[in-house]
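Chemist: If it helps, the file is called structure-v2.pdb and holds PDB, C-alpha atoms and all ligand atoms:
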ATOM      1  CA  MET A  29     -12.596  -7.798 -17.239
ATOM      2  CA  GLY A  30     -10.416 -10.856 -17.914
ATOM      3  CA  LEU A  31     -10.814 -14.156 -16.066
ATOM      4  CA  PHE A  32      -7.731 -13.501 -13.955
ATOM      5  CA  GLU A  33      -8.064  -9.753 -13.502
ATOM      6  CA  VAL A  34      -8.707  -8.082 -10.163
ATOM      7  CA  PRO A  35     -10.384  -4.676 -10.529
ATOM      8  CA  ALA A  36      -8.583  -1.566  -9.322
ATOM      9  CA  VAL A  37      -9.950  -0.257  -6.038
ATOM     10  CA  PRO A  38     -10.366   3.549  -5.869
ATOM     11  CA  VAL A  39      -8.620   5.345  -3.009
ATOM     12  CA  LEU A  40      -8.933   9.055  -2.087
ATOM     13  CA  ASN A  41     -10.319  11.300  -4.842
ATOM     14  CA  ALA A  42      -8.228  10.075  -7.784
ATOM     15  CA  GLY A  43      -5.990   7.254  -6.605
ATOM     16  CA  TYR A  44      -6.281   3.507  -6.730
ATOM     17  CA  VAL A  45      -4.689   0.201  -5.806
ATOM     18  CA  LYS A  46      -4.758  -2.620  -8.318
ATOM     19  CA  LEU A  47      -3.439  -6.088  -7.591
ATOM     20  CA  VAL A  48      -1.633  -6.983 -10.806
ATOM     21  CA  GLY A  49       0.304 -10.060  -9.808
ATOM     22  CA  LEU A  50       0.967 -12.747  -7.264
ATOM     23  CA  THR A  51       3.236 -15.753  -7.238
ATOM     24  CA  VAL A  52       1.696 -19.190  -7.553
ATOM     25  CA  ASP A  53       2.996 -22.679  -6.902
ATOM     26  CA  LEU A  54       2.147 -24.368 -10.172
ATOM     27  CA  GLY A  55       0.397 -27.305  -8.516
ATOM     28  CA  ASP A  56      -2.094 -24.895  -6.940
ATOM     29  CA  LEU A  57      -3.393 -24.004 -10.412
ATOM     30  CA  ASN A  58      -4.708 -27.523 -11.051
ATOM     31  CA  GLY A  59      -8.447 -27.473 -11.439
ATOM     32  CA  LEU A  60      -8.743 -23.677 -11.347
ATOM     33  CA  ASP A  61     -10.306 -21.773 -14.218
ATOM     34  CA  SER A  62     -10.688 -18.476 -12.378
ATOM     35  CA  LEU A  63      -9.207 -16.646  -9.406
ATOM     36  CA  ASP A  64     -11.913 -18.061  -7.141
ATOM     37  CA  GLY A  65     -10.286 -20.516  -4.785
ATOM     38  CA  LEU A  66      -6.699 -19.440  -5.507
ATOM     39  CA  THR A  67      -4.797 -18.703  -2.321
ATOM     40  CA  VAL A  68      -1.124 -18.456  -1.441
ATOM     41  CA  ASP A  69      -1.442 -19.914   2.062
ATOM     42  CA  ALA A  70      -0.392 -23.340   0.801
ATOM     43  CA  GLN A  71       2.903 -21.830  -0.409
ATOM     44  CA  VAL A  72       3.677 -20.722   3.138
ATOM     45  CA  ALA A  73       2.813 -24.118   4.618
ATOM     46  CA  ARG A  74       4.689 -25.993   1.893
ATOM     47  CA  ALA A  75       7.866 -23.982   2.532
ATOM     48  CA  ALA A  76       7.580 -24.565   6.278
ATOM     49  CA  ARG A  77       7.129 -28.308   5.773
ATOM     50  CA  VAL A  78      10.371 -28.360   3.763
ATOM     51  CA  SER A  79      12.294 -26.705   6.555
ATOM     52  CA  TYR A  80      10.819 -28.747   9.389
ATOM     53  CA  GLN A  81      10.322 -32.045   7.517
ATOM     54  CA  ALA A  82       9.190 -34.734   9.996
ATOM     55  CA  GLY A  83       8.658 -32.095  12.675
ATOM     56  CA  THR A  84       5.513 -30.835  10.928
ATOM     57  CA  LYS A  85       3.934 -34.245  10.403
ATOM     58  CA  SER A  86       1.837 -33.797  13.526
ATOM     59  CA  VAL A  87       0.488 -30.469  12.179
ATOM     60  CA  ARG A  88      -1.767 -31.743   9.423
ATOM     61  CA  SER A  89      -3.707 -28.623   8.504
ATOM     62  CA  ASP A  90      -2.004 -25.774   6.677
ATOM     63  CA  ALA A  91      -3.983 -23.253   8.717
ATOM     64  CA  ARG A  92      -2.685 -24.666  12.012
ATOM     65  CA  LEU A  93       0.878 -24.757  10.744
ATOM     66  CA  ILE A  94       0.620 -21.144   9.519
ATOM     67  CA  ASP A  95      -0.844 -20.135  12.859
ATOM     68  CA  TYR A  96       2.158 -21.675  14.605
ATOM     69  CA  LEU A  97       4.569 -19.842  12.282
ATOM     70  CA  VAL A  98       2.916 -16.461  12.773
ATOM     71  CA  ARG A  99       2.538 -16.912  16.536
ATOM     72  CA  HIS A 100       6.247 -17.759  16.906
ATOM     73  CA  ASP A 101       7.433 -15.201  14.328
ATOM     74  CA  HIS A 102       8.944 -17.842  12.042
ATOM     75  CA  GLY A 103       8.974 -15.428   9.146
ATOM     76  CA  SER A 104      10.863 -16.996   6.257
ATOM     77  CA  PRO A 105       8.044 -19.258   4.927
ATOM     78  CA  LEU A 106       5.953 -16.073   4.639
ATOM     79  CA  GLU A 107       8.593 -14.661   2.285
ATOM     80  CA  MET A 108       7.668 -17.203  -0.409
ATOM     81  CA  PRO A 109       4.491 -15.618  -1.840
ATOM     82  CA  HIS A 110       4.907 -12.237  -3.525
ATOM     83  CA  PHE A 111       2.213  -9.706  -4.385
ATOM     84  CA  LYS A 112       2.520  -6.970  -7.010
ATOM     85  CA  PHE A 113       0.380  -3.840  -7.045
ATOM     86  CA  GLU A 114      -0.079  -0.917  -9.369
ATOM     87  CA  ILE A 115      -0.735   2.162  -7.271
ATOM     88  CA  ARG A 116      -1.692   5.761  -7.928
ATOM     89  CA  ALA A 117      -1.166   7.975  -4.920
ATOM     90  CA  PRO A 118      -0.202  11.526  -3.979
ATOM     91  CA  LEU A 119       3.544  12.113  -3.843
ATOM     92  CA  PHE A 120       3.535  12.455  -0.051
ATOM     93  CA  VAL A 121       1.938   9.004   0.271
ATOM     94  CA  ARG A 122       4.423   7.554  -2.203
ATOM     95  CA  ASP A 123       7.274   9.053  -0.146
ATOM     96  CA  GLN A 124       6.016   7.241   2.957
ATOM     97  CA  TRP A 125       5.509   4.004   0.995
ATOM     98  CA  VAL A 126       9.044   3.829  -0.406
ATOM     99  CA  ARG A 127      10.471   3.937   3.122
ATOM    100  CA  HIS A 128       9.540   0.245   3.212
ATOM    101  CA  ARG A 129      12.859  -0.944   1.856
ATOM    102  CA  MET A 130      12.110  -4.652   1.764
ATOM    103  CA  GLY A 131      10.075  -4.369  -1.410
ATOM    104  CA  ASN A 132      10.638  -3.568  -5.080
ATOM    105  CA  PHE A 133       9.453  -0.355  -6.647
ATOM    106  CA  ASN A 134       9.200   1.052 -10.107
ATOM    107  CA  ILE A 135       8.122   4.655 -10.169
ATOM    108  CA  GLU A 136       6.631   6.790 -12.912
ATOM    109  CA  SER A 137       9.330   9.040 -14.359
ATOM    110  CA  LEU A 138       8.407  12.695 -14.531
ATOM    111  CA  ARG A 139      11.588  13.201 -16.545
ATOM    112  CA  TYR A 140      10.320  10.857 -19.223
ATOM    113  CA  SER A 141       6.625  11.619 -19.260
ATOM    114  CA  LYS A 142       4.488  14.633 -18.516
ATOM    115  CA  ALA A 143       2.886  14.577 -15.072
ATOM    116  CA  SER A 144      -0.831  13.877 -14.869
ATOM    117  CA  LEU A 145      -2.341  17.038 -13.519
ATOM    118  CA  ASP A 146      -4.619  15.403 -10.956
ATOM    119  CA  PHE A 147      -4.064  16.436  -7.392
ATOM    120  CA  TYR A 148      -5.345  15.198  -4.051
ATOM    121  CA  VAL A 149      -8.380  17.020  -2.721
ATOM    122  CA  PRO A 150      -9.048  16.211   0.954
ATOM    123  CA  ASP A 151     -12.683  15.792   1.986
ATOM    124  CA  GLU A 152     -11.841  17.197   5.364
ATOM    125  CA  TRP A 153      -9.027  19.368   6.732
ATOM    126  CA  ARG A 154      -7.581  18.060   9.966
ATOM    127  CA  ALA A 155      -6.062  20.295  12.645
ATOM    128  CA  GLN A 156      -2.588  19.875  14.136
ATOM    129  CA  ASP A 157      -2.584  17.411  17.041
ATOM    130  CA  ALA A 158      -1.458  19.331  20.147
ATOM    131  CA  VAL A 159       0.070  16.249  21.811
ATOM    132  CA  ASN A 160       1.489  14.083  19.012
ATOM    133  CA  LYS A 161       3.631  16.409  16.937
ATOM    134  CA  GLN A 162       3.367  14.321  13.775
ATOM    135  CA  SER A 163      -0.342  13.675  13.973
ATOM    136  CA  SER A 164      -3.626  15.434  13.247
ATOM    137  CA  VAL A 165      -7.132  15.665  14.638
ATOM    138  CA  SER A 166     -10.306  15.486  12.571
ATOM    139  CA  GLY A 167     -13.619  17.181  13.281
ATOM    140  CA  GLN A 168     -12.039  20.508  14.262
ATOM    141  CA  PHE A 169     -13.210  22.574  11.280
ATOM    142  CA  ASP A 170     -16.875  23.201  10.516
ATOM    143  CA  ALA A 171     -18.264  23.011   6.974
ATOM    144  CA  ASP A 172     -17.609  26.712   6.226
ATOM    145  CA  SER A 173     -14.007  26.533   7.421
ATOM    146  CA  ASN A 174     -13.470  23.328   5.442
ATOM    147  CA  ALA A 175     -14.774  25.014   2.293
ATOM    148  CA  LYS A 176     -12.524  28.029   2.886
ATOM    149  CA  LEU A 177      -9.438  25.854   3.430
ATOM    150  CA  SER A 178     -10.238  23.829   0.311
ATOM    151  CA  ALA A 179     -10.504  27.039  -1.711
ATOM    152  CA  ILE A 180      -7.128  28.313  -0.429
ATOM    153  CA  TYR A 181      -5.543  24.957  -1.250
ATOM    154  CA  THR A 182      -7.140  24.478  -4.660
ATOM    155  CA  ASP A 183      -6.148  28.003  -5.773
ATOM    156  CA  GLN A 184      -2.536  27.242  -4.927
ATOM    157  CA  MET A 185      -2.581  23.807  -6.611
ATOM    158  CA  LEU A 186      -4.022  25.300  -9.787
ATOM    159  CA  VAL A 187      -1.281  27.951  -9.854
ATOM    160  CA  ALA A 188       1.334  25.202  -9.537
ATOM    161  CA  VAL A 189      -0.255  23.117 -12.296
ATOM    162  CA  GLN A 190      -0.573  26.134 -14.594
ATOM    163  CA  THR A 191       3.046  27.123 -13.926
ATOM    164  CA  TYR A 192       4.144  23.576 -14.805
ATOM    165  CA  GLU A 193       2.223  23.807 -18.080
ATOM    166  CA  ARG A 194       3.703  27.250 -18.808
ATOM    167  CA  LEU A 195       7.261  26.094 -18.184
ATOM    168  CA  LEU A 196       6.735  23.138 -20.534
ATOM    169  CA  HIS A 197       5.180  25.463 -23.084
ATOM    170  CA  GLU A 198       8.287  27.694 -22.880
ATOM    171  CA  GLY A 199      10.418  24.684 -23.766
ATOM    172  CA  VAL A 200      11.692  23.819 -20.288
ATOM    173  CA  ALA A 201      12.562  20.118 -19.862
ATOM    174  CA  ARG A 202      10.066  17.923 -17.988
ATOM    175  CA  GLU A 203      12.790  17.071 -15.441
ATOM    176  CA  MET A 204      13.012  20.755 -14.500
ATOM    177  CA  ALA A 205       9.388  21.812 -14.880
ATOM    178  CA  ARG A 206       8.304  19.084 -12.423
ATOM    179  CA  VAL A 207      10.169  20.853  -9.637
ATOM    180  CA  VAL A 208       7.207  23.207  -9.262
ATOM    181  CA  LEU A 209       4.752  20.373  -8.608
ATOM    182  CA  PRO A 210       3.569  20.023  -4.975
ATOM    183  CA  SER A 211       3.408  16.855  -2.920
ATOM    184  CA  GLY A 212      -0.362  16.575  -3.398
ATOM    185  CA  MET A 213       0.086  15.607  -7.073
ATOM    186  CA  TYR A 214      -0.787  12.039  -7.998
ATOM    187  CA  VAL A 215       1.900   9.739  -9.328
ATOM    188  CA  GLY A 216       1.935   6.086 -10.365
ATOM    189  CA  PHE A 217       4.199   3.301  -9.183
ATOM    190  CA  VAL A 218       4.476  -0.465  -9.089
ATOM    191  CA  TRP A 219       5.251  -2.166  -5.785
ATOM    192  CA  GLN A 220       6.124  -5.777  -5.215
ATOM    193  CA  SER A 221       6.529  -7.289  -1.790
ATOM    194  CA  ASP A 222       6.695 -10.711  -0.220
ATOM    195  CA  LEU A 223       3.960 -11.554   2.253
ATOM    196  CA  ARG A 224       6.135 -11.184   5.332
ATOM    197  CA  ASN A 225       7.180  -7.637   4.517
ATOM    198  CA  LEU A 226       3.719  -6.805   3.232
ATOM    199  CA  LEU A 227       2.292  -7.676   6.636
ATOM    200  CA  ASN A 228       4.982  -5.506   8.233
ATOM    201  CA  PHE A 229       3.921  -2.626   5.945
ATOM    202  CA  LEU A 230       0.274  -3.207   6.875
ATOM    203  CA  ARG A 231       0.979  -3.371  10.605
ATOM    204  CA  LEU A 232       2.729  -0.011  10.455
ATOM    205  CA  ARG A 233       0.441   1.723   7.970
ATOM    206  CA  ILE A 234      -3.014   0.728   9.168
ATOM    207  CA  ALA A 235      -2.019   1.791  12.664
ATOM    208  CA  SER A 236      -3.782   4.874  13.963
ATOM    209  CA  ASN A 237      -0.485   6.782  14.247
ATOM    210  CA  ALA A 238       0.143   6.478  10.482
ATOM    211  CA  GLN A 239      -1.095   9.356   8.338
ATOM    212  CA  TRP A 240      -4.786   8.879   7.491
ATOM    213  CA  GLU A 241      -4.193   8.982   3.733
ATOM    214  CA  ILE A 242      -1.710   6.080   3.716
ATOM    215  CA  GLN A 243      -4.019   4.215   6.117
ATOM    216  CA  GLU A 244      -6.674   4.424   3.409
ATOM    217  CA  TYR A 245      -4.318   2.754   0.924
ATOM    218  CA  ALA A 246      -3.166   0.175   3.454
ATOM    219  CA  ARG A 247      -6.764  -0.841   4.222
ATOM    220  CA  VAL A 248      -7.329  -1.575   0.528
ATOM    221  CA  VAL A 249      -4.059  -3.526   0.270
ATOM    222  CA  LEU A 250      -5.113  -5.535   3.322
ATOM    223  CA  GLU A 251      -8.474  -6.453   1.752
ATOM    224  CA  LEU A 252      -6.718  -7.652  -1.402
ATOM    225  CA  VAL A 253      -4.103  -9.652   0.485
ATOM    226  CA  GLU A 254      -6.725 -11.158   2.775
ATOM    227  CA  ARG A 255      -8.634 -12.467  -0.237
ATOM    228  CA  PHE A 256      -5.595 -14.447  -1.404
ATOM    229  CA  ALA A 257      -3.956 -15.303   1.930
ATOM    230  CA  PRO A 258      -6.945 -15.760   4.269
ATOM    231  CA  ASP A 259      -5.302 -18.164   6.745
ATOM    232  CA  THR A 260      -2.087 -16.170   7.063
ATOM    233  CA  VAL A 261      -3.960 -12.907   7.518
ATOM    234  CA  ALA A 262      -6.315 -14.464  10.086
ATOM    235  CA  SER A 263      -3.317 -15.611  12.156
ATOM    236  CA  TRP A 264      -1.614 -12.249  11.733
ATOM    237  CA  ARG A 265      -4.749 -10.438  12.874
ATOM    238  CA  ARG A 266      -4.879 -12.660  15.954
ATOM    239  CA  HIS A 267      -1.227 -12.791  16.983
ATOM    240  CA  VAL A 268       0.215  -9.537  15.646
ATOM    241  CA  LEU A 269      -2.723  -7.119  15.818
ATOM    242  CA  GLY A 270      -4.203  -8.848  18.871
ATOM    243  CA  GLU A 271      -7.699  -8.990  17.358
ATOM    244  CA  GLU A 272     -10.220 -11.436  18.768
ATOM    245  CA  ALA A 273     -10.927 -14.481  16.559
TER
HETATM  246  C1  LIG A 301       3.974   6.473  11.881
HETATM  247  C2  LIG A 301       5.297   6.461  11.173
HETATM  248  C3  LIG A 301       6.094   7.589  11.187
HETATM  249  C4  LIG A 301       7.331   7.600  10.522
HETATM  250  N1  LIG A 301       8.101   8.730  10.539
HETATM  251  C5  LIG A 301       9.280   8.742   9.876
HETATM  252  C6  LIG A 301      10.098   9.909   9.843
HETATM  253  O1  LIG A 301       9.766  10.936  10.423
HETATM  254  N2  LIG A 301      11.266   9.884   9.149
HETATM  255  C7  LIG A 301      11.682   8.757   8.512
HETATM  256  O2  LIG A 301      12.758   8.757   7.926
HETATM  257  N3  LIG A 301      10.938   7.631   8.510
HETATM  258  C8  LIG A 301       9.757   7.601   9.175
HETATM  259  N4  LIG A 301       8.981   6.469   9.159
HETATM  260  C9  LIG A 301       9.463   5.298   8.419
HETATM  261  C10 LIG A 301      10.012   4.229   9.380
HETATM  262  O3  LIG A 301      11.125   4.700  10.127
HETATM  263  C11 LIG A 301      10.409   2.978   8.580
HETATM  264  O4  LIG A 301      11.509   3.294   7.751
HETATM  265  C12 LIG A 301       9.296   2.484   7.722
HETATM  266  O5  LIG A 301       8.107   2.393   8.464
HETATM  267  C13 LIG A 301       9.657   1.117   7.164
HETATM  268  O6  LIG A 301       9.566   0.182   8.205
HETATM  269  P1  LIG A 301      10.523  -1.079   8.251
HETATM  270  O7  LIG A 301      11.941  -0.655   8.393
HETATM  271  O8  LIG A 301       9.991  -2.023   9.294
HETATM  272  O9  LIG A 301      10.231  -1.735   6.804
HETATM  273  P2  LIG A 301      11.262  -2.156   5.687
HETATM  274  O10 LIG A 301      12.185  -1.055   5.345
HETATM  275  O11 LIG A 301      10.437  -2.749   4.590
HETATM  276  O12 LIG A 301      12.111  -3.269   6.372
HETATM  277  C14 LIG A 301      11.473  -4.484   6.795
HETATM  278  C15 LIG A 301      12.295  -5.067   7.935
HETATM  279  O13 LIG A 301      13.592  -5.391   7.443
HETATM  280  C16 LIG A 301      14.560  -5.097   8.450
HETATM  281  N5  LIG A 301      15.444  -4.045   7.956
HETATM  282  C17 LIG A 301      15.245  -3.227   6.893
HETATM  283  N6  LIG A 301      16.283  -2.425   6.731
HETATM  284  C18 LIG A 301      17.154  -2.732   7.696
HETATM  285  C19 LIG A 301      18.420  -2.236   8.055
HETATM  286  N7  LIG A 301      19.020  -1.248   7.397
HETATM  287  N8  LIG A 301      19.040  -2.776   9.119
HETATM  288  C20 LIG A 301      18.471  -3.788   9.843
HETATM  289  N9  LIG A 301      17.256  -4.293   9.553
HETATM  290  C21 LIG A 301      16.624  -3.767   8.496
HETATM  291  C22 LIG A 301      13.801  -4.653   9.697
HETATM  292  O14 LIG A 301      13.524  -5.789  10.483
HETATM  293  C23 LIG A 301      12.514  -4.121   9.113
HETATM  294  O15 LIG A 301      11.424  -4.146  10.030
HETATM  295  C24 LIG A 301       7.763   6.443   9.820
HETATM  296  C25 LIG A 301       6.942   5.305   9.814
HETATM  297  C26 LIG A 301       5.726   5.307  10.471
HETATM  298  C27 LIG A 301       4.857   4.070  10.414
END
Re-express the file's structure as structure tokens.
Modeler:
Amino acid sequence: MGLFEVPAVPVLNAGYVKLVGLTVDLGDLNGLDSLDGLTVDAQVARAARVSYQAGTKSVRSDARLIDYLVRHDHGSPLEMPHFKFEIRAPLFVRDQWVRHRMGNFNIESLRYSKASLDFYVPDEWRAQDAVNKQSSVSGQFDADSNAKLSAIYTDQMLVAVQTYERLLHEGVAREMARVVLPSGMYVGFVWQSDLRNLLNFLRLRIASNAQWEIQEYARVVLELVERFAPDTVASWRRHVLGEEA
């Protein structure tokens, strides 16, 4: 592991989130010889001080200034720091992720390269929520039912994977063979977002009405962002999520 490397964090049975980049203000690197102590909060405060000039003189601490910005939804200083992640997630999670348009994506091409044949295997099958039509309820299936549902699912996934392999073997192009792959297949992508839009993503995707699988990814993203933007995330938790200090 290199001095400036952040380990990938596993998510679900075969996915991960890896923080691969973040923007720095060059002055913040002075005196650092590792990632310990590097934060992006100062970038937010510095940008705000430029816009408000003398008006921020009374707010000496960066943390207090950031708290003011977040509380009053002054978002543009939060757009200065950017975070970049490498992510491996099932296709259905990726589809939900790319709906967040205020970010940059680069997605593994299944025209160019052969798909990895890993697929998502849920630990637990959730039942349809009777009230919220797009939600689900856990704890409804006992261990035997869970095992039966997993067997039904895995059989079908293996057929799909084998069919993909057979089509390739018969000489079919990757761009056509991939059509048989289900939305539980894992795929890789790179996502870059500024802090403001990242926090918007997190607000929406750690919420209990988001699908559990993307919540799992969002919780990992939040931990990584919190490590490098502790003051901003603390204010966001307080003023946006309404958490107690
Ligand atoms: C629980 C849940 C269920 C969902 N279900 C569905 C669904 O069934 N079908 C579906 O299509 N999507 C669905 N979505 C996606 C949702 O509608 C949003 O597209 C997605 O959450 C991205 O949110 P966003 O627009 O705030 O983020 P971004 O796209 O990253 O945009 C960030 C912000 O930029 C601004 N912005 C972005 N684009 C525009 C624009 N065109 N005009 C004006 N302002 C803009 C807005 O202020 C926005 O909040 C769902 C999302 C959640 C969390």
Chemist: Closest to ligand LIG 301 (chain A) among A:Ala273, A:Ala143, A:Val207, A:Leu223, using all atoms listed in the file?
Modeler: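 Closest to ligand LIG 301 (chain A) of all the choices is A:Leu223.
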Chemist: Kindly provide, as a list in words, all nucleotide and amino acid residues lying within 6 Å of ligand LIG 301 (chain A), counting only C-alpha atoms and all ligand atoms.
Modeler: Arg127, His128, Arg129, Met130, Asn225, Leu232, Arg233, Asn237 and Ala238 of chain A
Chemist: Would you tabulate, counting all atoms listed in the file, all residues of region 182-231 of chain A that have an atom at most 7 Å from an atom of region 88-111 of chain A, showing the closest pair of atoms and their distance in Å to one decimal, sorted by chain then ascending number, as a tab-separated table?
Modeler:
residue	atom	partner	partner_atom	distance
A:Gln220	CA	A:Phe111	CA	5.6
A:Ser221	CA	A:His110	CA	5.5
A:Asp222	CA	A:His110	CA	4.1
A:Leu223	CA	A:Leu106	CA	5.5
A:Arg224	CA	A:Leu106	CA	4.9
Chemist: For Ala75 (chain A), which of A:Gly199, A:Asp53, A:Arg194, A:Glu136 is the closest residue, counting all atoms listed in the file?
Modeler: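 Result for the nearest residue to Ala75 (chain A): A:Asp53.
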Chemist: Could you pull the residues within 10 Å of Leu119 (chain A), counting all atoms listed in the file, minus those fewer than 3 positions along the same chain, as number ranges by chain?
Modeler: A: 116, 122-125, 147-148, 209-216
Chemist: Any chance you could export the current selection's C-alpha atoms as a short mmCIF file (atom, residue, chain, number, x, y, z; two decimals), keeping the file's coordinate frame?
Modeler:
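Generated file (out-v1.cif):
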data_model
loop_
_atom_site.label_atom_id
_atom_site.label_comp_id
_atom_site.auth_asym_id
_atom_site.auth_seq_id
_atom_site.Cartn_x
_atom_site.Cartn_y
_atom_site.Cartn_z
CA ARG A 116 -1.69 5.76 -7.93
CA ARG A 122 4.42 7.55 -2.20
CA ASP A 123 7.27 9.05 -0.15
CA GLN A 124 6.02 7.24 2.96
CA TRP A 125 5.51 4.00 1.00
CA PHE A 147 -4.06 16.44 -7.39
CA TYR A 148 -5.34 15.20 -4.05
CA LEU A 209 4.75 20.37 -8.61
CA PRO A 210 3.57 20.02 -4.97
CA SER A 211 3.41 16.86 -2.92
CA GLY A 212 -0.36 16.58 -3.40
CA MET A 213 0.09 15.61 -7.07
CA TYR A 214 -0.79 12.04 -8.00
CA VAL A 215 1.90 9.74 -9.33
CA GLY A 216 1.94 6.09 -10.36
#
Chemist: Mind giving me the straight-line distance from CA of Arg231 (chain A) to CA of Leu269 (chain A) in Å, one decimal?
Modeler: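 Separation between CA of Arg231 (chain A) and CA of Leu269 (chain A): 7.4 Å.
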Chemist: Where does the PyMOL selection byres (((chain A and resi 243-259) around 6) and not hetatm) land in this file, that is, which residues does it pick, as an NGL selection string?
Modeler: :A and (67-69 or 91 or 230 or 233-234 or 240-242 or 260-262)
Chemist: Padding of 3 Å on every side, edges along x, y and z, all listed atoms of region 103-121 of chain A included: what centre and edge lengths in Å, to one decimal, does that box have, as JSON?
Modeler:
{"center_x": 4.6, "center_y": -3.4, "center_z": -0.1, "size_x": 18.6, "size_y": 37.7, "size_z": 24.5}
Chemist: Evaluate the PyMOL selection byres (((chain A and resi 58-63) around 9) and not hetatm) here and jot the selected residues down as a list in words.
Modeler: Leu31, Phe32, Glu33, Val34, Leu54, Gly55, Asp56, Leu57, Asp64, Gly65, Leu66 and Thr67 of chain A
Chemist: What is the CA of Glu152 (chain A)-CA of Thr191 (chain A) distance in Å, reported with one decimal?
Modeler: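 Interatomic distance here is 26.3 Å.
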Chemist: Have a look at CA of Ile135 (chain A) and CA of Val121 (chain A) and let me know their distance in Å, one decimal.
Modeler: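 Distance between the two atoms: 12.9 Å.
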Chemist: For the structure shown, which residues end up in the PyMOL selection byres (((chain A and resi 192) around 10) and not hetatm)? Put them as an mmCIF file with C-alpha atoms, in the coordinates of the input, please?
Modeler:
data_model
loop_
_atom_site.group_PDB
_atom_site.id
_atom_site.type_symbol
_atom_site.label_atom_id
_atom_site.label_comp_id
_atom_site.auth_asym_id
_atom_site.auth_seq_id
_atom_site.Cartn_x
_atom_site.Cartn_y
_atom_site.Cartn_z
ATOM 1 C CA LYS A 142 4.488 14.633 -18.516
ATOM 2 C CA ALA A 143 2.886 14.577 -15.072
ATOM 3 C CA LEU A 145 -2.341 17.038 -13.519
ATOM 4 C CA LEU A 186 -4.022 25.300 -9.787
ATOM 5 C CA VAL A 187 -1.281 27.951 -9.854
ATOM 6 C CA ALA A 188 1.334 25.202 -9.537
ATOM 7 C CA VAL A 189 -0.255 23.117 -12.296
ATOM 8 C CA GLN A 190 -0.573 26.134 -14.594
ATOM 9 C CA THR A 191 3.046 27.123 -13.926
ATOM 10 C CA GLU A 193 2.223 23.807 -18.080
ATOM 11 C CA ARG A 194 3.703 27.250 -18.808
ATOM 12 C CA LEU A 195 7.261 26.094 -18.184
ATOM 13 C CA LEU A 196 6.735 23.138 -20.534
ATOM 14 C CA HIS A 197 5.180 25.463 -23.084
ATOM 15 C CA GLU A 198 8.287 27.694 -22.880
ATOM 16 C CA VAL A 200 11.692 23.819 -20.288
ATOM 17 C CA ARG A 202 10.066 17.923 -17.988
ATOM 18 C CA MET A 204 13.012 20.755 -14.500
ATOM 19 C CA ALA A 205 9.388 21.812 -14.880
ATOM 20 C CA ARG A 206 8.304 19.084 -12.423
ATOM 21 C CA VAL A 207 10.169 20.853 -9.637
ATOM 22 C CA VAL A 208 7.207 23.207 -9.262
ATOM 23 C CA LEU A 209 4.752 20.373 -8.608
#
Chemist: Restricting the calculation to all atoms listed in the file, which member of A:Ala117, A:Ala158, A:Val52, A:Gln71 is positioned closest to Leu40 (chain A)?
Modeler: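 Selected residue with least distance to Leu40 (chain A): A:Ala117.
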Chemist: Restricting the calculation to only C-alpha atoms: of A:Gln168, A:Ser236, A:Asn41, A:Ser173, which residue gets closest to Pro150 (chain A)?
Modeler: A:Asn41
Chemist: So which residues are close to (-9.1, 23.3, 6.0), meaning at most 10 Å away in the file's coordinates with all atoms listed in the file counted, and can you show them as a list of chain:residue names?
Modeler: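 Counting all atoms listed in the file, I find these residues within 10 Å of (-9.1, 23.3, 6.0): A:Pro150, A:Asp151, A:Glu152, A:Trp153, A:Arg154, A:Ala155, A:Gln168, A:Phe169, A:Asp170, A:Ala171, A:Asp172, A:Ser173, A:Asn174, A:Ala175, A:Lys176, A:Leu177, A:Ser178, A:Ala179, A:Ile180, A:Tyr181.
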